[in-house]
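Asker: run-v6.pdb is reproduced below (PDB, C-alpha atoms).
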```pdb
ATOM      1  CA  MET D   1     205.700  37.398  53.756  1.00  0.00           C
ATOM      2  CA  PRO D   2     202.587  38.548  55.707  1.00  0.00           C
ATOM      3  CA  ASN D   3     200.379  35.667  56.785  1.00  0.00           C
ATOM      4  CA  ARG D   4     196.783  35.310  55.665  1.00  0.00           C
ATOM      5  CA  LEU D   5     195.373  36.318  59.027  1.00  0.00           C
ATOM      6  CA  HIS D   6     197.301  39.574  58.934  1.00  0.00           C
ATOM      7  CA  LEU D   7     196.018  40.352  55.438  1.00  0.00           C
ATOM      8  CA  ASN D   8     192.432  39.596  56.381  1.00  0.00           C
ATOM      9  CA  CYS D   9     192.716  41.670  59.536  1.00  0.00           C
ATOM     10  CA  SER D  10     194.082  44.564  57.495  1.00  0.00           C
ATOM     11  CA  PHE D  11     191.240  44.145  55.015  1.00  0.00           C
ATOM     12  CA  ALA D  12     188.687  44.183  57.822  1.00  0.00           C
ATOM     13  CA  VAL D  13     190.248  47.270  59.394  1.00  0.00           C
ATOM     14  CA  LEU D  14     190.083  49.085  56.072  1.00  0.00           C
ATOM     15  CA  ILE D  15     186.418  48.176  55.669  1.00  0.00           C
ATOM     16  CA  LEU D  16     185.542  49.216  59.201  1.00  0.00           C
ATOM     17  CA  THR D  17     187.515  52.451  58.857  1.00  0.00           C
ATOM     18  CA  GLY D  18     185.760  53.240  55.588  1.00  0.00           C
ATOM     19  CA  LEU D  19     182.362  52.538  57.102  1.00  0.00           C
ATOM     20  CA  PHE D  20     183.084  54.676  60.140  1.00  0.00           C
ATOM     21  CA  SER D  21     184.258  57.543  57.978  1.00  0.00           C
ATOM     22  CA  ALA D  22     181.261  57.277  55.670  1.00  0.00           C
ATOM     23  CA  THR D  23     178.710  57.140  58.439  1.00  0.00           C
ATOM     24  CA  SER D  24     180.237  59.649  60.834  1.00  0.00           C
ATOM     25  CA  ALA D  25     181.156  62.388  58.356  1.00  0.00           C
ATOM     26  CA  ALA D  26     179.148  65.577  58.842  1.00  0.00           C
ATOM     27  CA  ASP D  27     176.813  66.606  56.051  1.00  0.00           C
ATOM     28  CA  HIS D  28     175.944  70.230  56.645  1.00  0.00           C
ATOM     29  CA  ILE D  29     173.160  72.401  55.385  1.00  0.00           C
ATOM     30  CA  ASP D  30     174.790  75.422  57.012  1.00  0.00           C
ATOM     31  CA  PHE D  31     177.988  75.109  58.985  1.00  0.00           C
ATOM     32  CA  ILE D  32     178.724  78.576  60.346  1.00  0.00           C
ATOM     33  CA  ARG D  33     182.422  79.056  61.032  1.00  0.00           C
ATOM     34  CA  ASP D  34     185.146  81.628  60.762  1.00  0.00           C
ATOM     35  CA  ASP D  35     186.058  81.561  57.086  1.00  0.00           C
ATOM     36  CA  SER D  36     188.679  84.255  57.501  1.00  0.00           C
ATOM     37  CA  ASN D  37     190.923  81.269  58.207  1.00  0.00           C
ATOM     38  CA  LEU D  38     192.057  79.943  54.836  1.00  0.00           C
ATOM     39  CA  ALA D  39     192.188  76.454  56.335  1.00  0.00           C
ATOM     40  CA  ASN D  40     188.384  76.677  56.577  1.00  0.00           C
ATOM     41  CA  GLY D  41     188.043  77.453  52.887  1.00  0.00           C
ATOM     42  CA  GLY D  42     188.519  81.203  53.001  1.00  0.00           C
ATOM     43  CA  ASN D  43     185.105  81.800  51.424  1.00  0.00           C
ATOM     44  CA  ASP D  44     183.678  84.611  53.510  1.00  0.00           C
ATOM     45  CA  ALA D  45     179.891  84.196  53.503  1.00  0.00           C
ATOM     46  CA  ILE D  46     179.418  87.195  55.787  1.00  0.00           C
ATOM     47  CA  PHE D  47     176.464  89.590  55.911  1.00  0.00           C
ATOM     48  CA  SER D  48     174.690  92.159  58.056  1.00  0.00           C
ATOM     49  CA  LEU D  49     171.025  93.146  57.661  1.00  0.00           C
ATOM     50  CA  THR D  50     168.816  95.524  59.651  1.00  0.00           C
ATOM     51  CA  VAL D  51     165.076  96.024  59.258  1.00  0.00           C
ATOM     52  CA  VAL D  52     163.335  99.144  60.599  1.00  0.00           C
ATOM     53  CA  ASN D  53     159.885  98.771  59.036  1.00  0.00           C
ATOM     54  CA  ASN D  54     157.695  95.980  57.726  1.00  0.00           C
ATOM     55  CA  ILE D  55     159.392  95.830  54.322  1.00  0.00           C
ATOM     56  CA  PRO D  56     161.646  92.712  54.221  1.00  0.00           C
ATOM     57  CA  VAL D  57     165.362  93.123  53.582  1.00  0.00           C
ATOM     58  CA  VAL D  58     167.040  90.392  51.514  1.00  0.00           C
ATOM     59  CA  ASP D  59     170.615  89.389  50.778  1.00  0.00           C
ATOM     60  CA  THR D  60     172.287  86.326  49.270  1.00  0.00           C
ATOM     61  CA  GLN D  61     175.709  85.031  50.273  1.00  0.00           C
ATOM     62  CA  THR D  62     177.986  82.529  48.594  1.00  0.00           C
ATOM     63  CA  GLY D  63     180.121  80.211  50.709  1.00  0.00           C
ATOM     64  CA  ASP D  64     182.191  77.073  50.605  1.00  0.00           C
ATOM     65  CA  ALA D  65     180.313  74.028  49.324  1.00  0.00           C
ATOM     66  CA  ALA D  66     181.367  72.109  52.437  1.00  0.00           C
ATOM     67  CA  ASP D  67     179.687  74.742  54.602  1.00  0.00           C
ATOM     68  CA  ILE D  68     176.520  75.789  52.795  1.00  0.00           C
ATOM     69  CA  LEU D  69     174.082  73.521  50.974  1.00  0.00           C
ATOM     70  CA  GLY D  70     174.120  74.503  47.314  1.00  0.00           C
ATOM     71  CA  GLN D  71     176.919  77.000  48.124  1.00  0.00           C
ATOM     72  CA  THR D  72     174.416  79.842  48.671  1.00  0.00           C
ATOM     73  CA  ARG D  73     172.032  81.003  51.363  1.00  0.00           C
ATOM     74  CA  THR D  74     169.400  83.680  50.837  1.00  0.00           C
ATOM     75  CA  VAL D  75     168.677  85.584  54.038  1.00  0.00           C
ATOM     76  CA  THR D  76     165.429  87.493  54.507  1.00  0.00           C
ATOM     77  CA  LEU D  77     164.660  89.589  57.591  1.00  0.00           C
ATOM     78  CA  THR D  78     161.084  90.757  58.160  1.00  0.00           C
ATOM     79  CA  ARG D  79     159.844  92.805  61.096  1.00  0.00           C
ATOM     80  CA  THR D  80     156.543  91.569  62.458  1.00  0.00           C
ATOM     81  CA  GLY D  81     154.116  92.950  65.007  1.00  0.00           C
ATOM     82  CA  THR D  82     152.891  96.532  65.425  1.00  0.00           C
ATOM     83  CA  PHE D  83     155.145  97.879  68.164  1.00  0.00           C
ATOM     84  CA  GLY D  84     157.901  99.235  65.914  1.00  0.00           C
ATOM     85  CA  GLY D  85     161.548  98.896  66.818  1.00  0.00           C
ATOM     86  CA  THR D  86     164.369  97.354  64.817  1.00  0.00           C
ATOM     87  CA  ALA D  87     165.817  93.906  64.261  1.00  0.00           C
ATOM     88  CA  SER D  88     169.155  92.859  62.817  1.00  0.00           C
ATOM     89  CA  VAL D  89     170.898  89.670  61.762  1.00  0.00           C
ATOM     90  CA  GLN D  90     174.538  89.220  60.896  1.00  0.00           C
ATOM     91  CA  ARG D  91     177.390  86.805  60.433  1.00  0.00           C
ATOM     92  CA  LEU D  92     180.552  88.825  60.909  1.00  0.00           C
ATOM     93  CA  LEU D  93     184.087  87.981  59.928  1.00  0.00           C
ATOM     94  CA  GLY D  94     185.606  85.934  62.719  1.00  0.00           C
ATOM     95  CA  SER D  95     182.224  84.781  64.008  1.00  0.00           C
ATOM     96  CA  ASP D  96     181.050  81.173  64.252  1.00  0.00           C
ATOM     97  CA  PHE D  97     177.367  82.119  64.567  1.00  0.00           C
ATOM     98  CA  ILE D  98     174.520  83.796  62.792  1.00  0.00           C
ATOM     99  CA  ASP D  99     173.415  86.382  65.374  1.00  0.00           C
ATOM    100  CA  PHE D 100     169.869  87.750  65.594  1.00  0.00           C
ATOM    101  CA  ASP D 101     169.098  90.799  67.769  1.00  0.00           C
ATOM    102  CA  SER D 102     165.876  92.743  68.226  1.00  0.00           C
ATOM    103  CA  SER D 103     165.022  95.849  70.211  1.00  0.00           C
ATOM    104  CA  ASN D 104     162.717  95.671  73.202  1.00  0.00           C
ATOM    105  CA  THR D 105     159.704  96.598  71.073  1.00  0.00           C
ATOM    106  CA  ALA D 106     160.325  94.421  68.031  1.00  0.00           C
ATOM    107  CA  THR D 107     159.507  90.944  66.855  1.00  0.00           C
ATOM    108  CA  ALA D 108     160.813  89.664  63.536  1.00  0.00           C
ATOM    109  CA  MET D 109     161.250  86.630  61.303  1.00  0.00           C
ATOM    110  CA  LEU D 110     164.559  85.409  59.922  1.00  0.00           C
ATOM    111  CA  THR D 111     164.402  83.176  56.846  1.00  0.00           C
ATOM    112  CA  LEU D 112     167.340  81.089  55.619  1.00  0.00           C
ATOM    113  CA  ASP D 113     166.623  79.716  52.153  1.00  0.00           C
ATOM    114  CA  TYR D 114     168.765  77.050  50.440  1.00  0.00           C
ATOM    115  CA  ASN D 115     167.424  76.895  46.884  1.00  0.00           C
ATOM    116  CA  GLY D 116     170.648  76.199  45.017  1.00  0.00           C
ATOM    117  CA  ILE D 117     170.146  72.430  45.049  1.00  0.00           C
ATOM    118  CA  GLU D 118     168.376  69.926  42.828  1.00  0.00           C
ATOM    119  CA  ASN D 119     167.661  66.195  43.110  1.00  0.00           C
ATOM    120  CA  SER D 120     169.565  65.883  46.403  1.00  0.00           C
ATOM    121  CA  ASP D 121     169.269  62.596  48.283  1.00  0.00           C
ATOM    122  CA  PHE D 122     168.683  63.257  51.978  1.00  0.00           C
ATOM    123  CA  SER D 123     167.225  59.855  52.813  1.00  0.00           C
ATOM    124  CA  SER D 124     170.070  57.368  52.294  1.00  0.00           C
ATOM    125  CA  GLN D 125     171.998  58.274  55.474  1.00  0.00           C
ATOM    126  CA  TRP D 126     170.021  61.002  57.256  1.00  0.00           C
ATOM    127  CA  ASP D 127     166.773  61.089  59.219  1.00  0.00           C
ATOM    128  CA  ALA D 128     166.278  64.611  60.606  1.00  0.00           C
ATOM    129  CA  PHE D 129     167.210  68.273  60.442  1.00  0.00           C
ATOM    130  CA  LEU D 130     169.160  69.281  63.534  1.00  0.00           C
ATOM    131  CA  ILE D 131     169.344  72.982  64.394  1.00  0.00           C
ATOM    132  CA  GLU D 132     171.911  74.162  66.941  1.00  0.00           C
ATOM    133  CA  MET D 133     170.980  77.365  68.791  1.00  0.00           C
ATOM    134  CA  PRO D 134     173.672  78.146  71.391  1.00  0.00           C
ATOM    135  CA  LEU D 135     171.769  81.207  72.616  1.00  0.00           C
ATOM    136  CA  LEU D 136     168.032  81.884  72.966  1.00  0.00           C
ATOM    137  CA  GLN D 137     167.044  84.588  75.432  1.00  0.00           C
ATOM    138  CA  ASN D 138     164.840  87.601  76.039  1.00  0.00           C
ATOM    139  CA  SER D 139     166.636  90.776  77.042  1.00  0.00           C
ATOM    140  CA  PHE D 140     163.666  92.977  77.930  1.00  0.00           C
ATOM    141  CA  PRO D 141     162.192  92.141  80.265  1.00  0.00           C
ATOM    142  CA  ALA D 142     164.740  89.570  81.363  1.00  0.00           C
ATOM    143  CA  GLY D 143     163.238  86.129  80.931  1.00  0.00           C
ATOM    144  CA  ALA D 144     162.790  83.196  78.615  1.00  0.00           C
ATOM    145  CA  GLY D 145     162.946  83.912  74.914  1.00  0.00           C
ATOM    146  CA  ARG D 146     160.778  82.223  72.340  1.00  0.00           C
ATOM    147  CA  VAL D 147     161.335  81.313  68.703  1.00  0.00           C
ATOM    148  CA  ASP D 148     158.855  79.435  66.537  1.00  0.00           C
ATOM    149  CA  ILE D 149     160.817  77.457  63.947  1.00  0.00           C
ATOM    150  CA  ARG D 150     159.371  76.323  60.620  1.00  0.00           C
ATOM    151  CA  VAL D 151     161.116  73.996  58.186  1.00  0.00           C
ATOM    152  CA  ALA D 152     159.809  73.762  54.632  1.00  0.00           C
ATOM    153  CA  VAL D 153     161.043  71.154  52.143  1.00  0.00           C
ATOM    154  CA  GLU D 154     160.387  71.041  48.408  1.00  0.00           C
ATOM    155  CA  SER D 155     160.877  67.780  46.542  1.00  0.00           C
ATOM    156  CA  SER D 156     159.999  66.327  43.154  1.00  0.00           C
ATOM    157  CA  ALA D 157     157.103  64.364  44.682  1.00  0.00           C
ATOM    158  CA  GLY D 158     155.639  67.153  46.836  1.00  0.00           C
ATOM    159  CA  ASN D 159     156.268  69.721  49.536  1.00  0.00           C
ATOM    160  CA  GLY D 160     155.981  69.647  53.313  1.00  0.00           C
ATOM    161  CA  ILE D 161     156.215  71.936  56.333  1.00  0.00           C
ATOM    162  CA  SER D 162     156.972  71.139  59.960  1.00  0.00           C
ATOM    163  CA  THR D 163     156.789  73.674  62.804  1.00  0.00           C
ATOM    164  CA  LEU D 164     158.120  73.710  66.337  1.00  0.00           C
ATOM    165  CA  GLN D 165     157.460  76.219  69.104  1.00  0.00           C
ATOM    166  CA  GLN D 166     160.440  76.616  71.393  1.00  0.00           C
ATOM    167  CA  PHE D 167     161.036  78.264  74.745  1.00  0.00           C
ATOM    168  CA  SER D 168     164.359  78.673  76.509  1.00  0.00           C
ATOM    169  CA  ALA D 169     165.773  80.051  79.744  1.00  0.00           C
ATOM    170  CA  PRO D 170     167.983  83.144  79.367  1.00  0.00           C
ATOM    171  CA  SER D 171     171.458  82.586  77.954  1.00  0.00           C
ATOM    172  CA  SER D 172     170.988  78.820  77.844  1.00  0.00           C
ATOM    173  CA  ALA D 173     173.564  77.012  75.758  1.00  0.00           C
ATOM    174  CA  GLY D 174     173.533  73.882  73.654  1.00  0.00           C
ATOM    175  CA  ASN D 175     169.926  73.920  72.460  1.00  0.00           C
ATOM    176  CA  LEU D 176     169.449  71.331  69.713  1.00  0.00           C
ATOM    177  CA  PHE D 177     166.103  71.249  67.931  1.00  0.00           C
ATOM    178  CA  ALA D 178     165.309  68.251  65.726  1.00  0.00           C
ATOM    179  CA  PHE D 179     162.829  67.976  62.861  1.00  0.00           C
ATOM    180  CA  GLU D 180     162.404  64.305  61.988  1.00  0.00           C
ATOM    181  CA  PHE D 181     161.947  63.362  58.339  1.00  0.00           C
ATOM    182  CA  ASP D 182     159.001  61.163  59.340  1.00  0.00           C
ATOM    183  CA  ASP D 183     157.163  64.146  60.864  1.00  0.00           C
ATOM    184  CA  ALA D 184     153.530  64.296  59.698  1.00  0.00           C
ATOM    185  CA  GLY D 185     154.189  67.688  58.104  1.00  0.00           C
ATOM    186  CA  PHE D 186     156.686  66.072  55.727  1.00  0.00           C
ATOM    187  CA  ALA D 187     154.311  63.297  54.632  1.00  0.00           C
ATOM    188  CA  ASN D 188     154.347  64.359  50.957  1.00  0.00           C
ATOM    189  CA  VAL D 189     158.106  64.938  50.739  1.00  0.00           C
ATOM    190  CA  ASP D 190     160.403  62.599  48.839  1.00  0.00           C
ATOM    191  CA  PHE D 191     163.630  62.977  50.807  1.00  0.00           C
ATOM    192  CA  SER D 192     165.545  61.062  48.152  1.00  0.00           C
ATOM    193  CA  ASP D 193     164.913  63.922  45.690  1.00  0.00           C
ATOM    194  CA  VAL D 194     165.020  67.277  47.526  1.00  0.00           C
ATOM    195  CA  ASP D 195     165.225  70.559  45.597  1.00  0.00           C
ATOM    196  CA  ARG D 196     164.935  73.223  48.287  1.00  0.00           C
ATOM    197  CA  VAL D 197     164.984  73.666  52.075  1.00  0.00           C
ATOM    198  CA  THR D 198     163.844  76.800  53.925  1.00  0.00           C
ATOM    199  CA  PHE D 199     164.097  77.610  57.643  1.00  0.00           C
ATOM    200  CA  ASP D 200     161.989  80.345  59.298  1.00  0.00           C
ATOM    201  CA  PHE D 201     162.810  81.640  62.791  1.00  0.00           C
ATOM    202  CA  GLN D 202     159.916  83.737  64.125  1.00  0.00           C
ATOM    203  CA  THR D 203     160.407  85.496  67.455  1.00  0.00           C
ATOM    204  CA  GLY D 204     157.325  85.224  69.637  1.00  0.00           C
ATOM    205  CA  ILE D 205     158.348  87.693  72.354  1.00  0.00           C
ATOM    206  CA  ILE D 206     159.643  91.243  71.871  1.00  0.00           C
ATOM    207  CA  GLY D 207     163.322  91.668  72.611  1.00  0.00           C
ATOM    208  CA  THR D 208     164.196  88.021  71.886  1.00  0.00           C
ATOM    209  CA  ASP D 209     167.779  87.397  70.721  1.00  0.00           C
ATOM    210  CA  PHE D 210     169.254  84.142  69.447  1.00  0.00           C
ATOM    211  CA  GLN D 211     172.196  82.552  67.695  1.00  0.00           C
ATOM    212  CA  ILE D 212     172.390  79.771  65.115  1.00  0.00           C
ATOM    213  CA  GLY D 213     175.506  77.636  65.320  1.00  0.00           C
ATOM    214  CA  SER D 214     174.795  75.069  62.605  1.00  0.00           C
ATOM    215  CA  ILE D 215     172.059  73.331  60.652  1.00  0.00           C
ATOM    216  CA  THR D 216     172.769  69.723  59.738  1.00  0.00           C
ATOM    217  CA  ARG D 217     171.178  66.531  58.559  1.00  0.00           C
ATOM    218  CA  ARG D 218     171.433  64.123  61.462  1.00  0.00           C
ATOM    219  CA  LEU D 219     172.894  60.663  60.875  1.00  0.00           C
ATOM    220  CA  THR D 220     170.705  57.639  61.501  1.00  0.00           C
ATOM    221  CA  ALA D 221     171.953  55.090  64.003  1.00  0.00           C
ATOM    222  CA  ILE D 222     170.908  52.181  61.788  1.00  0.00           C
ATOM    223  CA  PRO D 223     173.585  50.946  59.338  1.00  0.00           C
ATOM    224  CA  GLU D 224     172.555  50.692  55.727  1.00  0.00           C
ATOM    225  CA  PRO D 225     172.153  47.213  54.194  1.00  0.00           C
ATOM    226  CA  ALA D 226     175.282  47.612  52.107  1.00  0.00           C
ATOM    227  CA  GLY D 227     177.271  48.616  55.171  1.00  0.00           C
ATOM    228  CA  ALA D 228     175.874  45.748  57.205  1.00  0.00           C
ATOM    229  CA  GLY D 229     176.814  43.349  54.405  1.00  0.00           C
ATOM    230  CA  LEU D 230     180.396  44.573  54.378  1.00  0.00           C
ATOM    231  CA  LEU D 231     180.604  44.152  58.133  1.00  0.00           C
ATOM    232  CA  LEU D 232     179.373  40.566  57.759  1.00  0.00           C
ATOM    233  CA  VAL D 233     181.938  39.867  55.040  1.00  0.00           C
ATOM    234  CA  ALA D 234     184.728  41.257  57.214  1.00  0.00           C
ATOM    235  CA  ALA D 235     183.648  39.268  60.256  1.00  0.00           C
ATOM    236  CA  THR D 236     183.310  36.072  58.210  1.00  0.00           C
ATOM    237  CA  GLY D 237     186.757  36.554  56.697  1.00  0.00           C
ATOM    238  CA  LEU D 238     188.320  36.948  60.111  1.00  0.00           C
ATOM    239  CA  ALA D 239     186.576  33.850  61.465  1.00  0.00           C
ATOM    240  CA  VAL D 240     187.620  31.687  58.498  1.00  0.00           C
ATOM    241  CA  SER D 241     191.225  32.882  58.708  1.00  0.00           C
ATOM    242  CA  GLN D 242     191.410  32.143  62.408  1.00  0.00           C
ATOM    243  CA  ARG D 243     190.036  28.599  61.937  1.00  0.00           C
ATOM    244  CA  ARG D 244     192.541  27.867  59.165  1.00  0.00           C
ATOM    245  CA  ARG D 245     195.389  29.204  61.237  1.00  0.00           C
ATOM    246  CA  ARG D 246     194.422  27.003  64.221  1.00  0.00           C
ATOM    247  CA  ARG D 247     194.256  23.932  61.962  1.00  0.00           C
ATOM    248  CA  SER D 248     197.709  24.590  60.526  1.00  0.00           C
ATOM    249  CA  VAL D 249     199.344  24.887  63.967  1.00  0.00           C
TER     250      VAL D 249
END
```
Could you quickly redo this structure as C-alpha cells?

Answerer:
Amino acid sequence: MPNRLHLNCSFAVLILTGLFSATSAADHIDFIRDDSNLANGGNDAIFSLTVVNNIPVVDTQTGDAADILGQTRTVTLTRTGTFGGTASVQRLLGSDFIDFDSSNTATAMLTLDYNGIENSDFSSQWDAFLIEMPLLQNSFPAGAGRVDIRVAVESSAGNGISTLQQFSAPSSAGNLFAFEFDDAGFANVDFSDVDRVTFDFQTGIIGTDFQIGSITRRLTAIPEPAGAGLLLVAATGLAVSQRRRRRSV
C-alpha cells in the first residue's frame, strides 16, 4: 500500500503539473502555420491579395479555432502614398508566415481584423499583445525598413488604440513587438470583456517588406491568487507528511 508521503507527493506533482500547463499554454490571436498538415488541424486559412490603386482589397479567411481568434480573420490591403506601384500580402499553403511585399514605389497598410469574438477575457492570465515579425526590411534602396503598428481594442466598457513606430535592419530576424495592456492608449479598455481586436501595419518607407509569424497574448509572470493558493496547499501538505513520517520512524 502506498505510504502517505508518496500520495501527497503525487498530489503535489499533479497540482504543479496542472499549474504549469495552465500558465504556459499558448493562447493565440493568430498562429500562422502550415495547415496543409492534418496534424495542425487541416483548416487552410490561406489567401493572396494584391492592390494596384488606392481602393482597398478585402478578404476573410476561416481557420482552426486554436490558430485564429474567433476562427476568422478579415484582411484588408490598402495602398497609401502617391507614388503608385503595387503591394501584395499572402499566406500560401505550406507557409508559416503572412508575407507582405511592396514595389519600390509603393507604401501600403495591412489590416488584420479579429471581430468574431464577444465577451472574451484577456485579463485573467495575459498582459500584452506580442507580435512576431521574423522579417522587416527595405529592398529599394537597400536599408532599414519601417512599419508603424497600431493595435485597436473594442470592449464593452470602451475602446482604445496603441501605436508603435518600428525600424529594423535589413533581413533581421526575431523581432518581437509588445503592446502592454496597461498602455495609456488602452486606458478605457476592459480587457476582461473584449469584443474585437484589430492590427494595422503601415509601411513608412517605399519598398518595405515584412513577415508576420504570430500574434499572441503574452503570459504574465505573476501567478494568479488561485494558483498561488494551490501551491501553498501542496507545499503545506508535503511539509506535514514529512513531519509525520519522521515522527513515526

Asker: Expressed in Å to a single decimal, how great is the separation between atom CA of Asn188 of chain D and atom CA of Ala157 of chain D?

Answerer: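 Here the two named atoms are 6.9 Å from each other.
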
Asker: Can you find the residues with an atom no farther than 8 Å from (164.0, 68.9, 65.3), counting only C-alpha atoms, and report them as a ChimeraX atom specification?

Answerer: /D:128-131,164,176-180

Asker: With only C-alpha atoms as the basis for distance, which of D:Ile29, D:Leu219, D:Val57, D:Leu93 is at the shortest distance from Phe199 of chain D?

Answerer: D:Ile29

Asker: For this structure, which residues satisfy the selection - the PyMOL selection byres ((chain D and resi 214) around 12) - when it is evaluated on the file as given? I want them as a PyMOL selection string.

Answerer: chain D and resi 26-33+67-69+96-99+112+129-134+174-177+211-213+215-218

Asker: Can you list, as a ChimeraX atom specification, the residues that the PyMOL selection byres ((chain D and resi 120) around 8) selects here?

Answerer: /D:117-119,121-122,191-195

Asker: Around the point (157.4, 89.5, 72.1) in the file's coordinates, collect all residues with an atom within 8 Å, using all atoms listed in the file, and return them as JSON, numbers by chain.

Answerer: {"D": [105, 106, 107, 203, 204, 205, 206, 207, 208]}

Asker: Given the PyMOL selection byres ((chain D and resi 147) around 10) and the file above, list the residues it selects as a ChimeraX atom specification.

Answerer: /D:107-109,136-137,145-146,148-150,164-168,200-205,208-210

Asker: Skipping near chain neighbours, those fewer than 5 positions away, what residues fall within 8 Å of segment 72-87 of chain D using only C-alpha atoms, listed as a PyMOL selection string?

Answerer: chain D and resi 49-63+100-116

Asker: At what distance in Å, to one decimal, does atom CA of Asp64 of chain D lie from atom CA of Asn159 of chain D?

Answerer: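 Spanning atom CA of Asn159 of chain D to atom CA of Asp64 of chain D is a straight-line distance of 27.0 Å.
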
Asker: Would you compute the distance between atom CA of Thr198 of chain D and atom CA of Ser139 of chain D? Give it in Å to one decimal.

Answerer: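 Rounded to one decimal, the two atoms are 27.2 Å apart.
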
Asker: Restricting the calculation to all atoms listed in the file, which member of D:Phe47, D:Asp182, D:Ala65, D:Val151 is positioned closest to Val89 of chain D?

Answerer: D:Phe47
